[in-house]
>>> print(open('entry.txt').read())   # compact mmCIF, C-alpha atoms and all ligand atoms
# COMPACT_ATOMS: atom_id res chain seq x y z
CA MET B 27 16.29 7.78 15.89
CA SER B 28 18.04 8.26 12.54
CA ASN B 29 19.56 11.65 11.71
CA SER B 30 18.87 11.56 7.99
CA LYS B 31 16.17 13.76 6.49
CA VAL B 32 13.52 11.62 4.87
CA GLY B 33 10.64 12.44 2.54
CA ILE B 34 7.66 10.30 1.61
CA TRP B 35 6.39 10.82 -1.92
CA LEU B 36 2.82 9.56 -2.16
CA ILE B 37 1.26 8.50 -5.44
CA GLY B 38 -2.45 9.27 -5.02
CA ALA B 39 -1.57 12.05 -2.58
CA ARG B 40 -5.08 13.49 -2.36
CA GLY B 41 -6.76 10.14 -1.75
CA SER B 42 -8.19 9.01 1.57
CA ILE B 43 -5.23 7.01 2.85
CA ALA B 44 -2.61 9.55 1.75
CA THR B 45 -4.61 12.39 3.29
CA THR B 46 -4.93 10.44 6.54
CA VAL B 47 -1.19 9.70 6.54
CA MET B 48 -0.40 13.41 6.29
CA VAL B 49 -3.08 14.59 8.74
CA GLY B 50 -1.97 11.88 11.18
CA ALA B 51 1.77 12.56 10.89
CA THR B 52 1.17 16.30 11.30
CA ALA B 53 -1.06 15.72 14.33
CA ILE B 54 1.58 13.44 15.89
CA ARG B 55 4.25 16.09 15.24
CA GLN B 56 2.08 18.69 16.97
CA GLY B 57 1.45 16.40 19.93
CA LEU B 58 -2.29 16.24 19.14
CA MET B 59 -2.46 12.44 19.12
CA GLU B 60 -0.51 9.27 19.83
CA ALA B 61 0.81 6.84 17.21
CA GLY B 62 -1.87 4.20 17.95
CA GLY B 63 -2.12 1.55 15.22
CA MET B 64 1.53 1.93 14.23
CA VAL B 65 3.53 -1.26 14.62
CA THR B 66 6.86 0.58 14.77
CA ALA B 67 5.60 2.67 17.70
CA THR B 68 5.55 -0.42 19.94
CA GLU B 69 8.19 -1.43 22.49
CA ALA B 70 9.80 -3.99 20.16
CA PHE B 71 11.06 -1.23 17.83
CA VAL B 72 11.97 1.36 20.39
CA ASP B 73 15.77 1.16 20.10
CA LEU B 74 15.95 0.91 16.28
CA PRO B 75 17.31 3.86 14.31
CA LEU B 76 13.96 4.68 12.70
CA THR B 77 13.11 8.11 11.34
CA ALA B 78 10.94 10.04 13.80
CA ILE B 79 7.41 10.67 12.50
CA ALA B 80 7.90 14.34 13.36
CA ASP B 81 10.84 14.51 10.94
CA LEU B 82 9.06 13.11 7.88
CA GLU B 83 8.39 15.42 4.95
CA PHE B 84 5.60 14.80 2.46
CA GLY B 85 5.04 15.34 -1.23
CA GLY B 86 3.57 13.39 -4.10
CA CYS B 87 1.28 13.41 -7.10
CA ASP B 88 -2.37 12.93 -7.94
CA ILE B 89 -4.63 13.25 -10.94
CA ARG B 90 -7.71 14.90 -9.45
CA PRO B 91 -8.14 18.68 -9.58
CA ARG B 92 -8.78 19.32 -5.85
CA THR B 93 -6.76 20.25 -2.77
CA LEU B 94 -5.47 18.15 0.07
CA LEU B 95 -7.48 20.26 2.49
CA GLU B 96 -10.67 19.53 0.53
CA SER B 97 -9.90 15.82 0.79
CA ALA B 98 -9.31 16.07 4.53
CA ARG B 99 -12.49 18.05 5.12
CA GLN B 100 -14.53 15.64 3.00
CA LEU B 101 -13.21 12.66 4.97
CA GLN B 102 -14.07 14.38 8.24
CA GLU B 103 -17.55 15.44 7.09
CA GLU B 104 -18.49 12.06 5.63
CA SER B 105 -16.87 9.76 8.17
CA GLY B 106 -15.96 11.88 11.20
CA CYS B 107 -12.81 9.80 11.43
CA PHE B 108 -10.46 12.47 12.78
CA GLY B 109 -10.64 13.72 16.35
CA GLN B 110 -12.21 17.05 17.23
CA GLY B 111 -10.29 20.03 15.84
CA ILE B 112 -7.52 17.98 14.20
CA ILE B 113 -8.19 19.27 10.69
CA ASP B 114 -8.38 22.90 11.83
CA ARG B 115 -5.03 22.54 13.59
CA THR B 116 -3.32 20.92 10.62
CA VAL B 117 -4.60 23.30 7.92
CA ASP B 118 -1.31 25.19 7.50
CA ALA B 119 0.73 22.01 7.08
CA LEU B 120 -1.79 20.52 4.63
CA CYS B 121 -1.81 23.68 2.49
CA GLU B 122 1.98 23.74 2.45
CA ILE B 123 2.22 20.08 1.41
CA ASP B 124 -0.41 20.68 -1.27
CA GLY B 125 2.08 22.92 -3.07
CA ARG B 126 4.34 19.87 -3.43
CA ILE B 127 1.72 17.68 -5.10
CA SER B 128 2.26 17.43 -8.82
CA MET B 129 0.08 16.13 -11.64
CA GLY B 130 0.45 12.41 -12.29
CA THR B 131 -0.28 10.23 -15.28
CA THR B 132 -3.22 7.97 -16.07
CA ILE B 133 -1.52 6.04 -18.87
CA ASN B 134 -3.51 2.89 -19.62
CA CYS B 135 -5.34 3.04 -16.27
CA GLY B 136 -8.79 2.37 -17.73
CA ALA B 137 -11.90 4.54 -18.03
CA THR B 138 -12.86 4.64 -14.35
CA ILE B 139 -9.53 6.15 -13.27
CA GLU B 140 -9.34 8.43 -16.31
CA ASP B 141 -12.77 9.80 -15.36
CA LEU B 142 -11.39 10.81 -11.95
CA ALA B 143 -8.87 13.05 -13.69
CA SER B 144 -11.67 14.77 -15.63
CA GLY B 145 -9.29 15.77 -18.39
CA SER B 146 -6.60 17.30 -16.16
CA CYS B 147 -3.93 14.72 -17.12
CA ARG B 148 -1.92 14.91 -20.33
CA ASN B 149 -1.65 11.49 -21.91
CA ASP B 150 0.11 12.58 -25.10
CA ARG B 151 3.63 12.15 -23.73
CA THR B 152 5.79 9.18 -24.62
CA LEU B 153 6.55 6.67 -21.88
CA LEU B 154 10.08 8.03 -21.62
CA GLU B 155 8.77 11.59 -21.28
CA ASP B 156 6.32 10.52 -18.58
CA ILE B 157 9.07 8.72 -16.65
CA GLU B 158 11.33 11.74 -16.96
CA LYS B 159 8.55 14.00 -15.59
CA ILE B 160 7.99 11.75 -12.58
CA ARG B 161 11.73 11.60 -11.90
CA GLN B 162 11.95 15.40 -12.09
CA HIS B 163 9.11 15.75 -9.58
CA ILE B 164 10.83 13.41 -7.12
CA GLN B 165 14.19 15.19 -7.61
CA GLN B 166 12.53 18.59 -7.08
CA PHE B 167 10.96 17.36 -3.83
CA LYS B 168 14.33 16.11 -2.65
CA VAL B 169 16.16 19.35 -3.47
CA ASP B 170 13.43 21.71 -2.19
CA ARG B 171 13.21 19.98 1.18
CA GLY B 172 16.93 19.15 1.48
CA LEU B 173 16.21 15.43 1.82
CA ASP B 174 18.76 12.63 2.15
CA MET B 175 16.29 10.00 1.03
CA VAL B 176 12.81 9.74 -0.49
CA VAL B 177 10.52 6.74 -0.11
CA VAL B 178 7.84 6.38 -2.76
CA VAL B 179 4.54 4.79 -1.73
CA ASN B 180 1.83 3.88 -4.22
CA LEU B 181 -1.56 4.82 -2.78
CA ALA B 182 -3.29 5.41 -6.11
CA SER B 183 -6.60 3.88 -7.17
CA THR B 184 -6.52 0.20 -8.03
CA GLU B 185 -5.83 -0.32 -11.73
CA PRO B 186 -7.25 -3.09 -13.88
CA LEU B 187 -5.09 -6.24 -13.95
CA LEU B 188 -2.19 -6.20 -16.40
CA GLU B 189 -1.69 -9.48 -18.21
CA LEU B 190 1.96 -10.27 -17.59
CA ALA B 191 4.07 -11.45 -20.52
CA GLU B 192 7.74 -12.27 -21.10
CA CYS B 193 8.55 -8.56 -21.44
CA HIS B 194 7.46 -8.01 -17.83
CA GLN B 195 9.66 -10.81 -16.56
CA ARG B 196 13.01 -9.77 -18.01
CA LEU B 197 14.55 -6.35 -17.50
CA ALA B 198 16.15 -6.08 -20.94
CA LEU B 199 12.82 -6.79 -22.65
CA PHE B 200 10.99 -4.37 -20.38
CA LEU B 201 13.45 -1.60 -21.25
CA ASN B 202 12.65 -2.22 -24.92
CA VAL B 203 8.96 -1.69 -24.14
CA ILE B 204 9.80 1.74 -22.75
CA ASP B 205 12.09 2.63 -25.64
CA ARG B 206 9.50 1.56 -28.20
CA ASN B 207 6.77 3.49 -26.36
CA GLU B 208 4.50 0.43 -26.14
CA LYS B 209 1.87 2.00 -23.93
CA ALA B 210 -0.49 -0.99 -23.91
CA LEU B 211 2.14 -3.08 -22.08
CA VAL B 212 2.40 -0.82 -19.03
CA ARG B 213 0.12 1.10 -16.72
CA ALA B 214 0.75 4.33 -14.79
CA SER B 215 1.86 2.30 -11.75
CA THR B 216 4.63 0.70 -13.83
CA LEU B 217 6.04 4.10 -14.73
CA TYR B 218 5.92 5.36 -11.15
CA ALA B 219 7.69 2.24 -9.85
CA TYR B 220 10.33 2.41 -12.58
CA ALA B 221 10.95 6.13 -11.97
CA ALA B 222 11.23 5.60 -8.21
CA ILE B 223 13.74 2.76 -8.56
CA ARG B 224 15.81 4.70 -11.08
CA GLU B 225 15.89 7.56 -8.57
CA GLY B 226 17.21 5.13 -5.93
CA CYS B 227 14.04 5.54 -3.83
CA PRO B 228 12.75 2.61 -1.76
CA TYR B 229 9.32 1.81 -3.19
CA ILE B 230 6.20 0.37 -1.55
CA ASN B 231 3.16 -0.83 -3.50
CA PHE B 232 0.29 -0.58 -1.01
CA THR B 233 -2.24 -1.25 -3.79
CA PRO B 234 -3.22 -4.52 -5.48
CA SER B 235 -2.20 -3.12 -8.88
CA ASN B 236 -0.04 -5.87 -10.37
CA ALA B 237 1.48 -3.61 -13.03
CA ALA B 238 3.64 -1.87 -10.41
CA LEU B 239 6.23 -4.34 -9.12
CA ILE B 240 6.51 -6.55 -12.18
CA PRO B 241 9.38 -9.09 -11.97
CA ALA B 242 11.58 -7.01 -14.30
CA LEU B 243 11.37 -4.07 -11.90
CA VAL B 244 12.12 -6.26 -8.89
CA THR B 245 15.29 -7.29 -10.75
CA LEU B 246 16.11 -3.64 -11.43
CA ALA B 247 15.62 -2.83 -7.73
CA GLN B 248 17.83 -5.75 -6.74
CA ASP B 249 20.56 -4.63 -9.16
CA SER B 250 20.29 -0.98 -8.14
CA GLY B 251 20.48 -1.36 -4.35
CA VAL B 252 16.86 -0.30 -3.86
CA PRO B 253 14.51 -2.05 -1.39
CA VAL B 254 10.95 -2.58 -2.66
CA MET B 255 7.86 -4.41 -1.40
CA GLY B 256 4.16 -5.05 -2.07
CA ASN B 257 1.42 -5.91 -2.79
CA ASP B 258 -1.80 -4.60 -1.26
CA GLY B 259 -1.78 -3.49 2.36
CA LYS B 260 -3.37 -5.99 4.77
CA THR B 261 -5.68 -3.89 6.90
CA GLY B 262 -9.07 -5.52 7.48
CA GLU B 263 -10.87 -8.68 6.42
CA THR B 264 -7.71 -10.34 5.06
CA LEU B 265 -5.82 -9.48 8.24
CA VAL B 266 -8.43 -11.35 10.29
CA LYS B 267 -8.53 -14.18 7.75
CA SER B 268 -4.77 -14.70 7.88
CA ALA B 269 -4.90 -14.76 11.68
CA LEU B 270 -7.92 -17.10 11.93
CA ALA B 271 -7.29 -19.65 9.18
CA PRO B 272 -4.17 -21.11 10.90
CA MET B 273 -6.32 -21.77 14.00
CA PHE B 274 -8.62 -24.08 12.01
CA ALA B 275 -5.61 -25.81 10.49
CA SER B 276 -3.95 -26.36 13.87
CA ARG B 277 -7.13 -28.04 15.26
CA ASN B 278 -7.64 -30.21 12.16
CA LEU B 279 -10.97 -28.50 11.47
CA GLU B 280 -11.57 -28.66 7.76
CA ILE B 281 -12.87 -25.44 6.27
CA LEU B 282 -15.68 -26.21 3.84
CA SER B 283 -16.62 -22.69 2.80
CA TRP B 284 -15.43 -19.18 3.60
CA GLU B 285 -17.61 -16.43 2.15
CA GLY B 286 -16.55 -12.84 2.68
CA PHE B 287 -18.86 -9.89 2.04
CA ASN B 288 -17.34 -6.41 2.06
CA ILE B 289 -19.25 -3.15 1.80
CA LEU B 290 -17.63 0.27 1.62
CA GLY B 291 -18.56 3.73 0.36
CA ASN B 292 -15.39 5.72 -0.26
CA LEU B 293 -13.70 6.55 -3.57
CA ASP B 294 -11.76 3.28 -3.39
CA GLY B 295 -15.13 1.48 -3.21
CA LYS B 296 -16.39 3.47 -6.19
CA VAL B 297 -13.34 2.52 -8.27
CA LEU B 298 -13.64 -1.12 -7.19
CA ASN B 299 -17.24 -1.02 -8.39
CA ASP B 300 -15.77 -1.29 -11.89
CA PRO B 301 -15.37 -5.06 -12.47
CA ASP B 302 -12.03 -4.55 -14.30
CA ASN B 303 -10.48 -2.69 -11.36
CA CYS B 304 -12.11 -5.02 -8.81
CA ALA B 305 -10.53 -8.07 -10.49
CA SER B 306 -7.11 -6.91 -9.21
CA LYS B 307 -8.37 -6.79 -5.62
CA LEU B 308 -10.22 -10.10 -5.79
CA LYS B 309 -7.21 -11.89 -7.23
CA VAL B 310 -5.09 -10.82 -4.26
CA LYS B 311 -7.76 -11.54 -1.62
CA ASP B 312 -8.83 -14.89 -3.07
CA GLN B 313 -5.45 -16.64 -2.80
CA VAL B 314 -4.90 -16.27 0.96
CA LEU B 315 -6.84 -19.33 2.19
CA GLU B 316 -5.26 -21.82 -0.17
CA LYS B 317 -1.78 -20.53 0.69
CA ILE B 318 -2.46 -21.05 4.40
CA LEU B 319 -4.50 -24.26 4.35
CA GLY B 320 -2.83 -26.12 1.50
CA TYR B 321 -6.26 -26.76 -0.05
CA ALA B 322 -8.85 -24.48 -1.59
CA PRO B 323 -12.20 -24.51 0.23
CA HIS B 324 -15.25 -23.11 -1.53
CA SER B 325 -14.63 -19.42 -1.08
CA LYS B 326 -15.65 -16.17 -2.62
CA VAL B 327 -14.89 -12.57 -1.71
CA HIS B 328 -17.58 -10.03 -2.57
CA ILE B 329 -16.97 -6.27 -2.61
CA ASN B 330 -19.96 -3.95 -2.91
CA TYR B 331 -20.08 -0.18 -3.12
CA VAL B 332 -22.46 1.42 -0.60
CA PRO B 333 -21.92 5.21 -0.86
CA SER B 334 -23.58 6.19 2.45
CA LEU B 335 -20.92 4.25 4.38
CA ALA B 336 -18.15 6.57 3.11
CA ASP B 337 -14.84 5.49 4.69
CA GLN B 338 -16.44 3.00 7.08
CA LYS B 339 -15.95 -0.48 5.76
CA THR B 340 -17.86 -3.52 7.00
CA ALA B 341 -16.82 -7.09 6.32
CA TRP B 342 -19.06 -10.02 7.25
CA ASP B 343 -17.40 -13.40 6.92
CA PHE B 344 -19.21 -16.74 7.14
CA ILE B 345 -16.96 -19.75 7.80
CA HIS B 346 -18.42 -23.22 7.50
CA PHE B 347 -16.18 -25.96 8.89
CA LYS B 348 -16.22 -29.67 9.70
CA GLY B 349 -15.07 -31.37 12.92
CA PHE B 350 -15.30 -34.69 14.82
CA CYS B 351 -17.94 -37.15 13.50
CA GLY B 352 -18.12 -34.95 10.38
CA ALA B 353 -20.25 -32.40 12.24
CA LYS B 354 -20.62 -29.10 10.40
CA MET B 355 -20.27 -25.91 12.40
CA THR B 356 -19.97 -22.19 11.70
CA LEU B 357 -18.02 -19.15 12.78
CA GLN B 358 -19.10 -15.70 11.67
CA PHE B 359 -17.42 -12.38 12.28
CA THR B 360 -18.07 -8.79 11.39
CA TRP B 361 -15.26 -6.29 11.08
CA GLN B 362 -16.11 -2.61 11.01
CA GLY B 363 -13.44 0.00 10.66
CA TYR B 364 -12.39 3.25 9.09
CA ASP B 365 -10.57 2.07 6.00
CA SER B 366 -8.10 4.93 5.94
CA LEU B 367 -7.37 4.94 9.67
CA LEU B 368 -6.47 1.26 9.46
CA ALA B 369 -4.19 1.79 6.49
CA ALA B 370 -2.41 5.09 7.28
CA PRO B 371 -0.33 3.91 10.27
CA LEU B 372 0.90 0.95 8.23
CA VAL B 373 2.04 3.30 5.48
CA LEU B 374 4.12 5.20 8.04
CA ASP B 375 5.50 1.88 9.40
CA LEU B 376 6.40 0.67 5.93
CA ALA B 377 8.13 3.92 5.01
CA ARG B 378 10.20 3.89 8.21
CA LEU B 379 11.18 0.24 7.74
CA ALA B 380 12.05 0.82 4.08
CA VAL B 381 14.35 3.69 5.07
CA LEU B 382 15.99 1.40 7.61
CA ALA B 383 16.50 -1.30 4.96
CA LYS B 384 17.98 1.16 2.48
CA GLY B 385 20.32 2.53 5.14
CA ARG B 386 21.53 -1.02 5.79
CA GLY B 387 22.37 -1.50 2.12
CA GLU B 388 19.55 -3.98 1.47
CA SER B 389 18.10 -4.27 -2.01
CA GLY B 390 15.24 -5.98 -3.80
CA LEU B 391 12.25 -7.46 -1.98
CA MET B 392 11.82 -6.96 1.77
CA PRO B 393 10.31 -10.27 2.99
CA GLN B 394 10.49 -9.04 6.61
CA LEU B 395 7.50 -6.81 5.75
CA ALA B 396 5.26 -9.73 4.70
CA SER B 397 2.79 -9.20 7.59
CA PHE B 398 1.83 -5.79 6.13
CA PHE B 399 0.61 -7.20 2.80
CA LYS B 400 -2.21 -9.36 1.50
CA ALA B 401 0.04 -10.80 -1.19
CA PRO B 402 3.65 -10.37 -0.02
CA LEU B 403 5.96 -10.64 -3.00
CA GLY B 404 8.52 -13.44 -2.85
CA VAL B 405 7.08 -14.87 0.39
CA ALA B 406 5.33 -18.23 0.69
CA GLU B 407 4.27 -17.64 4.32
CA TYR B 408 0.72 -16.25 4.59
CA ARG B 409 -0.05 -17.00 8.27
CA HIS B 410 -0.16 -13.66 10.03
CA ALA B 411 1.58 -14.65 13.27
CA ALA B 412 4.37 -16.42 11.39
CA GLN B 413 4.82 -13.39 9.13
CA PHE B 414 5.04 -11.14 12.15
CA GLU B 415 7.74 -13.43 13.58
CA MET B 416 9.73 -12.81 10.39
CA LEU B 417 9.75 -9.11 11.26
CA GLY B 418 10.75 -9.90 14.85
CA LYS B 419 13.70 -11.99 13.66
CA TYR B 420 14.80 -9.22 11.30
CA VAL B 421 14.73 -6.72 14.17
CA ASP B 422 16.67 -9.15 16.42
CA LYS B 423 19.27 -9.56 13.68
CA ILE B 424 19.75 -5.78 13.46
CA ARG B 425 20.21 -5.60 17.21
CA SER B 426 22.75 -8.40 17.28
CA SER B 427 24.73 -7.15 14.26
CA PRO B 428 24.23 -3.40 13.79
CA ASN B 429 25.92 -1.93 10.71
CA GLU B 430 27.36 1.57 10.27
CA SER B 431 24.02 3.26 9.57
CA ASP B 432 22.40 1.59 12.60
CA ARG B 433 25.16 2.95 14.84
CA ALA B 434 24.63 6.49 13.52
CA VAL B 435 21.82 7.01 15.99
CA GLY B 436 20.95 10.61 16.78
N1 LIG B 501 -7.97 1.46 2.82
C1 LIG B 501 -7.44 0.29 2.96
O1 LIG B 501 -7.58 -0.28 4.00
C2 LIG B 501 -6.62 -0.32 1.84
C3 LIG B 501 -5.99 -1.53 2.07
C4 LIG B 501 -5.18 -2.07 1.07
C5 LIG B 501 -5.03 -1.42 -0.13
N2 LIG B 501 -5.69 -0.27 -0.36
C6 LIG B 501 -5.49 0.38 -1.67
O2 LIG B 501 -4.85 1.63 -1.49
C7 LIG B 501 -5.19 2.50 -2.57
C8 LIG B 501 -5.62 3.84 -2.01
O3 LIG B 501 -6.81 3.70 -1.25
P1 LIG B 501 -7.66 5.00 -0.87
O4 LIG B 501 -8.78 4.54 -0.02
O5 LIG B 501 -6.78 6.09 -0.40
O6 LIG B 501 -8.25 5.37 -2.30
P2 LIG B 501 -8.75 6.79 -2.84
O7 LIG B 501 -9.61 6.49 -3.99
O8 LIG B 501 -9.29 7.62 -1.73
O9 LIG B 501 -7.39 7.50 -3.31
C9 LIG B 501 -6.73 7.17 -4.48
C10 LIG B 501 -6.11 8.44 -5.02
O10 LIG B 501 -5.30 8.07 -6.13
C11 LIG B 501 -5.48 9.04 -7.14
N3 LIG B 501 -5.06 8.42 -8.39
C12 LIG B 501 -5.72 7.51 -9.15
N4 LIG B 501 -4.96 7.12 -10.19
C13 LIG B 501 -3.81 7.82 -10.10
C14 LIG B 501 -2.64 7.86 -10.89
N5 LIG B 501 -2.52 7.13 -11.99
N6 LIG B 501 -1.64 8.70 -10.50
C15 LIG B 501 -1.74 9.44 -9.39
N7 LIG B 501 -2.85 9.43 -8.59
C16 LIG B 501 -3.85 8.62 -8.95
C17 LIG B 501 -6.95 9.41 -7.06
O11 LIG B 501 -7.21 10.64 -7.66
C18 LIG B 501 -7.14 9.43 -5.55
O12 LIG B 501 -6.88 10.70 -5.01
C19 LIG B 501 -6.25 1.76 -3.38
O13 LIG B 501 -5.64 1.11 -4.44
C20 LIG B 501 -6.78 0.74 -2.38
O14 LIG B 501 -7.35 -0.39 -2.99
C21 LIG B 501 -6.48 0.30 0.58
>>> encode(input="entry.txt", output="structure tokens", more="lines below")
Ligand SMILES: NC(=O)c1ccc[n+]([C@@H]2O[C@H](COP(=O)([O-])OP(=O)(O)OC[C@H]3O[C@@H](n4cnc5c(N)ncnc54)[C@H](O)[C@@H]3O)[C@@H](O)[C@H]2O)c1
Amino acid sequence: MSNSKVGIWLIGARGSIATTVMVGATAIRQGLMEAGGMVTATEAFVDLPLTAIADLEFGGCDIRPRTLLESARQLQEESGCFGQGIIDRTVDALCEIDGRISMGTTINCGATIEDLASGSCRNDRTLLEDIEKIRQHIQQFKVDRGLDMVVVVNLASTEPLLELAECHQRLALFLNVIDRNEKALVRASTLYAYAAIREGCPYINFTPSNAALIPALVTLAQDSGVPVMGNDGKTGETLVKSALAPMFASRNLEILSWEGFNILGNLDGKVLNDPDNCASKLKVKDQVLEKILGYAPHSKVHINYVPSLADQKTAWDFIHFKGFCGAKMTLQFTWQGYDSLLAAPLVLDLARLAVLAKGRGESGLMPQLASFFKAPLGVAEYRHAAQFEMLGKYVDKIRSSPNESDRAVG
């Protein structure tokens, strides 16, 4: 295990995934549960100098006027996703962390997200002032908890797509956007990512929001010695899709149609009920098949909001394919899971692996983390098993050529 003191600063800290991350990490620390669902808790990672879950500190920001404990209790009441007594035994830790959650920004996030804030966010600051505020909050977290490193993870609601222009491609032009206070050219996620990178914090975009890791910011990360990665955690339907589609390809079974129907009832589902916000998610989910198969079968992903389901998401996928003699056949699957319980362990994995990368002096995109994302930035490989092999090779490389930070194992 690494000796350094690490904090995770969560954007969207009172949301379902963030709450589950903190409840889960606290429960693991107290010995109330195992780290099931965490990739880095498996045998293959056992001798790497990863930060112990028990040593992680949490902070972050949100825009909704409520407490972390309220979020945890709501999740438990609506979905019953945590084990018996877990919330009661983590109350003290949750209340303490809540004191470290600051107010975020909703700059250019669209009406659905602004409504969540119900007027509690100030949007009269300039972009530079907003960035400065975010940086101060991260610095404060670091000083207050005596941290050596902070990883920033974006777990905020999905924003509407940002149309990318030349100013998002080139760092110098992007910096002009900030200086000129051109608010329409950024969204809140852009400011958070920029602030994190300027603070030297590894940054993970777990959301599909494309305004976060724009190419100019990837360049900044590369130039500043900061590892970053996104986009959109791969937790459910797309995980299965990226595992199954290569099977059809390897048997020369042509996929004619792949229709995916998703229903969910949590706040994420409510936000995705707005067509502008949903467009970000659909764009990411829609591209997976073509990337894997090399052709684009008829395919549509549907996402519907069904409030009574709360955090339980169901995906039903119908796959129509063609085989010998042109015969048409079908495969159907249903995937039912707690959205936040599927995502939270991956957030902890990603944070630990980002700390490892930063300690090794890596910067820019982290392609070894491709298997965690629906749309891994800078990676052409979309087949799940092949992506997972990329992580295995990275781990093997660390073992065969440890650097100074890897040897500093506590
Ligand atoms: N659950 C999954 O399996 C999964 C998988 C991949 C990606 N995601 C994405 O992860 C994100 C979080 O999911 P969730 O289920 O926790 O959603 P959620 O709606 O429960 O939580 C989002 C939180 O972000 C806050 N927020 C919104 N805009 C903000 C801003 N500008 N600044 C700070 N906070 C802000 C909200 O108040 C809320 O507390 C979503 O974008 C979702 O699409 C989820």
>>> closest_residue(input="entry.txt", among="B:Leu298, B:Leu282, B:Leu374, B:Val65", to="B:Tyr321", atoms="all atoms listed in the file")
B:Leu282
>>> closest_residue(input="entry.txt", among="B:Leu379, B:Ile37, B:Leu211, B:Leu101", to="B:Leu293", atoms="all atoms listed in the file")
B:Leu101
>>> closest_residue(input="entry.txt", among="B:Asp365, B:Asp422, B:Glu185, B:Asp81", to="ligand LIG 501 (chain B)", atoms="only C-alpha atoms and all ligand atoms")
B:Asp365
>>> closest_residue(input="entry.txt", among="B:Ser397, B:Asn292, B:Thr340, B:Ser276", to="ligand LIG 501 (chain B)", atoms="all atoms listed in the file")
B:Asn292
>>> axis_aligned_box(input="entry.txt", around="ligand LIG 501 (chain B)", padding_each_side="4 Å", output="AutoDock Vina command-line options")
--center_x -5.6 --center_y 4.3 --center_z -4.0 --size_x 16.0 --size_y 20.8 --size_z 24.0
>>> closest_residue(input="entry.txt", among="B:Gly387, B:Pro393, B:Gly86, B:Gly145", to="ligand LIG 501 (chain B)", atoms="all atoms listed in the file")
B:Gly86
